[in-house]
>>> print(open('query.cif').read())   # mmCIF, N, CA and C atoms
data_data
#
loop_
_atom_site.label_atom_id
_atom_site.label_comp_id
_atom_site.auth_asym_id
_atom_site.auth_seq_id
_atom_site.Cartn_x
_atom_site.Cartn_y
_atom_site.Cartn_z
N MET A 1 -14.94 22.37 -3.16
CA MET A 1 -13.88 21.86 -2.32
C MET A 1 -13.87 20.35 -2.39
N ASP A 2 -12.69 19.77 -2.36
CA ASP A 2 -12.52 18.32 -2.42
C ASP A 2 -11.94 17.81 -1.10
N PHE A 3 -12.31 16.60 -0.72
CA PHE A 3 -11.71 15.96 0.44
C PHE A 3 -11.82 14.45 0.29
N ASP A 4 -11.00 13.74 1.06
CA ASP A 4 -10.98 12.28 1.00
C ASP A 4 -11.91 11.68 2.05
N VAL A 5 -12.51 10.57 1.68
CA VAL A 5 -13.42 9.84 2.57
C VAL A 5 -13.01 8.38 2.57
N ARG A 6 -13.02 7.77 3.72
CA ARG A 6 -12.78 6.32 3.85
C ARG A 6 -14.11 5.72 4.31
N VAL A 7 -14.66 4.82 3.50
CA VAL A 7 -15.99 4.25 3.75
C VAL A 7 -15.86 2.86 4.36
N VAL A 8 -16.70 2.61 5.38
CA VAL A 8 -16.82 1.28 5.98
C VAL A 8 -18.25 0.82 5.70
N PRO A 9 -18.45 -0.02 4.67
CA PRO A 9 -19.80 -0.49 4.35
C PRO A 9 -20.29 -1.56 5.32
N ARG A 10 -21.57 -1.81 5.28
CA ARG A 10 -22.23 -2.84 6.11
C ARG A 10 -22.05 -2.59 7.61
N ALA A 11 -22.04 -1.32 7.99
CA ALA A 11 -21.96 -0.96 9.41
C ALA A 11 -23.36 -1.04 10.01
N GLY A 12 -23.45 -0.94 11.30
CA GLY A 12 -24.75 -1.01 11.96
C GLY A 12 -25.65 0.17 11.66
N ARG A 13 -25.03 1.33 11.41
CA ARG A 13 -25.80 2.54 11.11
C ARG A 13 -24.92 3.52 10.33
N ASN A 14 -25.54 4.54 9.79
CA ASN A 14 -24.81 5.57 9.05
C ASN A 14 -24.29 6.60 10.04
N GLU A 15 -22.98 6.86 9.98
CA GLU A 15 -22.41 7.87 10.87
C GLU A 15 -21.04 8.31 10.41
N PHE A 16 -20.68 9.52 10.80
CA PHE A 16 -19.34 10.04 10.58
C PHE A 16 -18.54 9.67 11.82
N ALA A 17 -17.33 9.14 11.62
CA ALA A 17 -16.57 8.60 12.74
C ALA A 17 -15.19 9.25 12.87
N GLY A 18 -15.07 10.52 12.53
CA GLY A 18 -13.81 11.24 12.72
C GLY A 18 -12.90 11.17 11.51
N ILE A 19 -11.62 11.45 11.76
CA ILE A 19 -10.61 11.48 10.71
C ILE A 19 -9.62 10.34 10.95
N ARG A 20 -9.31 9.61 9.88
CA ARG A 20 -8.30 8.56 9.95
C ARG A 20 -7.38 8.70 8.75
N ALA A 21 -6.09 8.81 8.99
CA ALA A 21 -5.08 8.91 7.93
C ALA A 21 -5.41 10.03 6.94
N GLY A 22 -5.90 11.16 7.46
CA GLY A 22 -6.19 12.30 6.61
C GLY A 22 -7.50 12.23 5.85
N ALA A 23 -8.30 11.20 6.09
CA ALA A 23 -9.58 11.05 5.39
C ALA A 23 -10.72 10.99 6.42
N LEU A 24 -11.87 11.52 6.03
CA LEU A 24 -13.06 11.44 6.87
C LEU A 24 -13.56 10.00 6.86
N LEU A 25 -13.71 9.40 8.02
CA LEU A 25 -14.19 8.02 8.13
C LEU A 25 -15.72 8.04 8.22
N VAL A 26 -16.37 7.30 7.32
CA VAL A 26 -17.83 7.25 7.27
C VAL A 26 -18.27 5.80 7.31
N ARG A 27 -19.13 5.48 8.27
CA ARG A 27 -19.71 4.14 8.36
C ARG A 27 -21.08 4.18 7.71
N LEU A 28 -21.32 3.21 6.81
CA LEU A 28 -22.59 3.15 6.06
C LEU A 28 -23.25 1.80 6.26
N ALA A 29 -24.56 1.79 6.43
CA ALA A 29 -25.30 0.54 6.59
C ALA A 29 -25.41 -0.23 5.28
N ALA A 30 -25.36 0.46 4.17
CA ALA A 30 -25.53 -0.17 2.86
C ALA A 30 -24.34 -1.04 2.49
N ALA A 31 -24.62 -2.07 1.71
CA ALA A 31 -23.57 -2.93 1.18
C ALA A 31 -23.00 -2.29 -0.09
N PRO A 32 -21.74 -2.60 -0.41
CA PRO A 32 -21.15 -2.02 -1.63
C PRO A 32 -21.55 -2.78 -2.89
N VAL A 33 -22.85 -2.89 -3.12
CA VAL A 33 -23.38 -3.63 -4.25
C VAL A 33 -24.20 -2.68 -5.12
N ASP A 34 -23.95 -2.68 -6.41
CA ASP A 34 -24.69 -1.86 -7.37
C ASP A 34 -24.71 -0.38 -7.00
N GLY A 35 -23.65 0.11 -6.37
CA GLY A 35 -23.55 1.52 -6.04
C GLY A 35 -24.39 1.97 -4.87
N ALA A 36 -24.96 1.03 -4.11
CA ALA A 36 -25.83 1.39 -2.99
C ALA A 36 -25.09 2.19 -1.93
N ALA A 37 -23.87 1.80 -1.61
CA ALA A 37 -23.10 2.53 -0.60
C ALA A 37 -22.74 3.93 -1.09
N ASN A 38 -22.43 4.07 -2.37
CA ASN A 38 -22.12 5.39 -2.92
C ASN A 38 -23.33 6.31 -2.85
N HIS A 39 -24.50 5.81 -3.20
CA HIS A 39 -25.72 6.61 -3.13
C HIS A 39 -26.03 7.01 -1.69
N GLU A 40 -25.82 6.08 -0.78
CA GLU A 40 -26.08 6.38 0.63
C GLU A 40 -25.09 7.42 1.16
N LEU A 41 -23.83 7.31 0.73
CA LEU A 41 -22.81 8.28 1.13
C LEU A 41 -23.18 9.68 0.65
N ILE A 42 -23.55 9.81 -0.61
CA ILE A 42 -23.94 11.11 -1.16
C ILE A 42 -25.15 11.67 -0.41
N GLY A 43 -26.13 10.82 -0.16
CA GLY A 43 -27.33 11.26 0.56
C GLY A 43 -27.03 11.70 1.98
N LEU A 44 -26.17 10.97 2.67
CA LEU A 44 -25.82 11.30 4.05
C LEU A 44 -25.08 12.64 4.12
N ILE A 45 -24.12 12.84 3.23
CA ILE A 45 -23.37 14.10 3.22
C ILE A 45 -24.29 15.27 2.87
N ALA A 46 -25.12 15.10 1.85
CA ALA A 46 -26.04 16.18 1.43
C ALA A 46 -27.01 16.53 2.55
N LYS A 47 -27.58 15.54 3.19
CA LYS A 47 -28.54 15.78 4.27
C LYS A 47 -27.88 16.49 5.44
N THR A 48 -26.69 16.05 5.82
CA THR A 48 -25.98 16.65 6.95
C THR A 48 -25.61 18.10 6.68
N LEU A 49 -25.23 18.41 5.44
CA LEU A 49 -24.84 19.77 5.09
C LEU A 49 -26.03 20.64 4.68
N GLY A 50 -27.19 20.02 4.47
CA GLY A 50 -28.37 20.77 4.06
C GLY A 50 -28.29 21.28 2.64
N ILE A 51 -27.69 20.47 1.76
CA ILE A 51 -27.56 20.85 0.35
C ILE A 51 -28.19 19.77 -0.52
N ALA A 52 -28.34 20.06 -1.79
CA ALA A 52 -28.91 19.09 -2.74
C ALA A 52 -27.88 17.99 -3.05
N LYS A 53 -28.38 16.80 -3.33
CA LYS A 53 -27.50 15.68 -3.67
C LYS A 53 -26.66 15.97 -4.91
N ARG A 54 -27.19 16.77 -5.82
CA ARG A 54 -26.45 17.08 -7.04
C ARG A 54 -25.19 17.91 -6.77
N ASP A 55 -25.10 18.52 -5.58
CA ASP A 55 -23.92 19.31 -5.21
C ASP A 55 -22.81 18.45 -4.60
N VAL A 56 -23.06 17.16 -4.44
CA VAL A 56 -22.07 16.24 -3.89
C VAL A 56 -21.73 15.21 -4.97
N THR A 57 -20.47 15.12 -5.34
CA THR A 57 -20.07 14.16 -6.37
C THR A 57 -18.85 13.38 -5.92
N ILE A 58 -18.77 12.15 -6.41
CA ILE A 58 -17.59 11.32 -6.18
C ILE A 58 -16.66 11.56 -7.36
N VAL A 59 -15.52 12.18 -7.09
CA VAL A 59 -14.57 12.53 -8.13
C VAL A 59 -13.74 11.31 -8.53
N SER A 60 -13.32 10.53 -7.54
CA SER A 60 -12.54 9.31 -7.82
C SER A 60 -12.79 8.29 -6.72
N GLY A 61 -12.52 7.04 -7.04
CA GLY A 61 -12.67 5.96 -6.07
C GLY A 61 -14.05 5.39 -5.96
N GLU A 62 -14.83 5.46 -7.03
CA GLU A 62 -16.19 4.97 -6.98
C GLU A 62 -16.29 3.50 -6.57
N ARG A 63 -15.29 2.70 -6.92
CA ARG A 63 -15.31 1.28 -6.59
C ARG A 63 -14.32 0.94 -5.47
N SER A 64 -13.87 1.95 -4.75
CA SER A 64 -12.88 1.77 -3.69
C SER A 64 -13.46 2.25 -2.36
N ARG A 65 -12.86 1.82 -1.27
CA ARG A 65 -13.29 2.32 0.03
C ARG A 65 -12.81 3.74 0.27
N THR A 66 -11.71 4.10 -0.35
CA THR A 66 -11.19 5.47 -0.25
C THR A 66 -11.66 6.25 -1.47
N LYS A 67 -12.38 7.33 -1.22
CA LYS A 67 -13.00 8.11 -2.29
C LYS A 67 -12.60 9.58 -2.17
N ARG A 68 -12.65 10.28 -3.26
CA ARG A 68 -12.44 11.73 -3.30
C ARG A 68 -13.79 12.35 -3.58
N ILE A 69 -14.27 13.19 -2.66
CA ILE A 69 -15.59 13.79 -2.75
C ILE A 69 -15.46 15.28 -3.06
N ARG A 70 -16.32 15.79 -3.90
CA ARG A 70 -16.36 17.22 -4.22
C ARG A 70 -17.69 17.79 -3.77
N ILE A 71 -17.61 18.89 -3.01
CA ILE A 71 -18.79 19.61 -2.56
C ILE A 71 -18.80 20.96 -3.27
N ALA A 72 -19.88 21.28 -3.94
CA ALA A 72 -19.98 22.54 -4.68
C ALA A 72 -20.53 23.65 -3.78
N GLY A 73 -19.85 24.79 -3.79
CA GLY A 73 -20.39 25.99 -3.16
C GLY A 73 -20.13 26.18 -1.68
N LEU A 74 -19.39 25.31 -1.03
CA LEU A 74 -19.12 25.46 0.40
C LEU A 74 -17.61 25.45 0.65
N ASP A 75 -17.20 26.11 1.73
CA ASP A 75 -15.76 26.10 2.03
C ASP A 75 -15.40 24.94 2.96
N ARG A 76 -14.14 24.60 2.95
CA ARG A 76 -13.62 23.42 3.65
C ARG A 76 -13.89 23.46 5.16
N GLU A 77 -13.67 24.58 5.81
CA GLU A 77 -13.84 24.68 7.25
C GLU A 77 -15.29 24.41 7.65
N TYR A 78 -16.24 24.98 6.91
CA TYR A 78 -17.65 24.77 7.19
C TYR A 78 -18.03 23.31 7.03
N VAL A 79 -17.61 22.71 5.93
CA VAL A 79 -17.95 21.31 5.64
C VAL A 79 -17.41 20.39 6.72
N LEU A 80 -16.13 20.51 7.04
CA LEU A 80 -15.54 19.63 8.05
C LEU A 80 -16.14 19.86 9.43
N ALA A 81 -16.45 21.09 9.77
CA ALA A 81 -17.08 21.38 11.06
C ALA A 81 -18.46 20.70 11.16
N LYS A 82 -19.23 20.75 10.08
CA LYS A 82 -20.56 20.13 10.08
C LYS A 82 -20.48 18.60 10.11
N LEU A 83 -19.53 18.03 9.35
CA LEU A 83 -19.45 16.57 9.24
C LEU A 83 -18.79 15.92 10.46
N ILE A 84 -17.82 16.59 11.03
CA ILE A 84 -17.11 16.01 12.18
C ILE A 84 -17.78 16.40 13.48
N GLY A 85 -18.38 17.55 13.51
CA GLY A 85 -19.16 17.94 14.67
C GLY A 85 -18.48 18.88 15.56
#
>>> encode(input="query.cif", output="structure tokens")
Amino acid sequence: MDFDVRVVPRAGRNEFAGIRAGALLVRLAAAPVDGAANHELIGLIAKTLGIAKRDVTIVSGERSRTKRIRIAGLDREYVLAKLIG
């Protein structure tokens, strides 16, 4: 399943902050330097869903704040329920 994510780097802490303009808003403590924010995003999503990092990929927007994320093996309702709370 694919979904859009809007990333806010250099936040005080890592957290999911709801939906904005149809995309999941994620605040990350990491700076967008050398892919650090992307790695932190993948790790945060994988940890929250209880899946391996290899099951979470950035399909598009690697260098943008708006990204398209693909989760392997899970359905949309489950993923959004876990990430949004």
>>> resolve_selection(input="query.cif", expression="the PyMOL selection byres (((chain A and resi 41 and name CA) around 9) and name CA)", output="PyMOL selection string")
chain A and resi 7+14+26-28+36-40+42-46
>>> residues_around(input="query.cif", residues="Arg6 in chain A", least_positions_apart="6", cutoff="8 Å", atoms="all atoms listed in the file", output="PDB file with N, CA and C atoms, in the coordinates of the input")
ATOM      1  N   ARG A  20      -9.310   9.610   9.880  1.00  0.00           N
ATOM      2  CA  ARG A  20      -8.300   8.560   9.950  1.00  0.00           C
ATOM      3  C   ARG A  20      -7.380   8.700   8.750  1.00  0.00           C
ATOM      4  N   GLY A  22      -5.900  11.160   7.460  1.00  0.00           N
ATOM      5  CA  GLY A  22      -6.190  12.300   6.610  1.00  0.00           C
ATOM      6  C   GLY A  22      -7.500  12.230   5.850  1.00  0.00           C
ATOM      7  N   ALA A  23      -8.300  11.200   6.090  1.00  0.00           N
ATOM      8  CA  ALA A  23      -9.580  11.050   5.390  1.00  0.00           C
ATOM      9  C   ALA A  23     -10.720  10.990   6.420  1.00  0.00           C
ATOM     10  N   LEU A  24     -11.870  11.520   6.030  1.00  0.00           N
ATOM     11  CA  LEU A  24     -13.060  11.440   6.870  1.00  0.00           C
ATOM     12  C   LEU A  24     -13.560  10.000   6.860  1.00  0.00           C
ATOM     13  N   LEU A  25     -13.710   9.400   8.020  1.00  0.00           N
ATOM     14  CA  LEU A  25     -14.190   8.020   8.130  1.00  0.00           C
ATOM     15  C   LEU A  25     -15.720   8.040   8.220  1.00  0.00           C
ATOM     16  N   VAL A  26     -16.370   7.300   7.320  1.00  0.00           N
ATOM     17  CA  VAL A  26     -17.830   7.250   7.270  1.00  0.00           C
ATOM     18  C   VAL A  26     -18.270   5.800   7.310  1.00  0.00           C
ATOM     19  N   ARG A  27     -19.130   5.480   8.270  1.00  0.00           N
ATOM     20  CA  ARG A  27     -19.710   4.140   8.360  1.00  0.00           C
ATOM     21  C   ARG A  27     -21.080   4.180   7.710  1.00  0.00           C
ATOM     22  N   SER A  64     -13.870   1.950  -4.750  1.00  0.00           N
ATOM     23  CA  SER A  64     -12.880   1.770  -3.690  1.00  0.00           C
ATOM     24  C   SER A  64     -13.460   2.250  -2.360  1.00  0.00           C
ATOM     25  N   ARG A  65     -12.860   1.820  -1.270  1.00  0.00           N
ATOM     26  CA  ARG A  65     -13.290   2.320   0.030  1.00  0.00           C
ATOM     27  C   ARG A  65     -12.810   3.740   0.270  1.00  0.00           C
ATOM     28  N   THR A  66     -11.710   4.100  -0.350  1.00  0.00           N
ATOM     29  CA  THR A  66     -11.190   5.470  -0.250  1.00  0.00           C
ATOM     30  C   THR A  66     -11.660   6.250  -1.470  1.00  0.00           C
ATOM     31  N   LYS A  67     -12.380   7.330  -1.220  1.00  0.00           N
ATOM     32  CA  LYS A  67     -13.000   8.110  -2.290  1.00  0.00           C
ATOM     33  C   LYS A  67     -12.600   9.580  -2.170  1.00  0.00           C
ATOM     34  N   ARG A  68     -12.650  10.280  -3.260  1.00  0.00           N
ATOM     35  CA  ARG A  68     -12.440  11.730  -3.300  1.00  0.00           C
ATOM     36  C   ARG A  68     -13.790  12.350  -3.580  1.00  0.00           C
TER      37      ARG A  68
END
>>> atom_distance(input="query.cif", atom1="CA of Pro32 in chain A", atom2="CA of Glu77 in chain A")
29.1 Å
>>> select_by_dssp(input="query.cif", residues="range 3-82 of chain A", states="alpha helix (DSSP H)", output="PyMOL selection string")
chain A and resi 36-49+76-82
>>> resolve_selection(input="query.cif", expression="the PyMOL selection byres (((chain A and resi 69 and name CA) around 10) and name CA)", output="PyMOL selection string")
chain A and resi 1-5+41-42+45+56-62+66-68+70-72
>>> select_by_dssp(input="query.cif", residues="chain A", states="strand (DSSP E or B)", output="VMD selection string")
chain A and resid 2 to 8 15 to 20 23 to 27 56 to 60 66 to 71
>>> axis_aligned_box(input="query.cif", around="range 69-72 of chain A", padding_each_side="6 Å", output="JSON")
{"center_x": -17.4, "center_y": 18.4, "center_z": -3.6, "size_x": 18.3, "size_y": 22.5, "size_z": 14.1}
>>> atom_distance(input="query.cif", atom1="CA of Ala31 in chain A", atom2="CA of Leu74 in chain A")
28.7 Å
>>> closest_residue(input="query.cif", among="A:Leu83, A:Ala30, A:Val8, A:Phe16", to="Leu49 in chain A", atoms="all atoms listed in the file")
A:Leu83
>>> atom_distance(input="query.cif", atom1="CA of Gly35 in chain A", atom2="CA of Arg76 in chain A")
25.9 Å
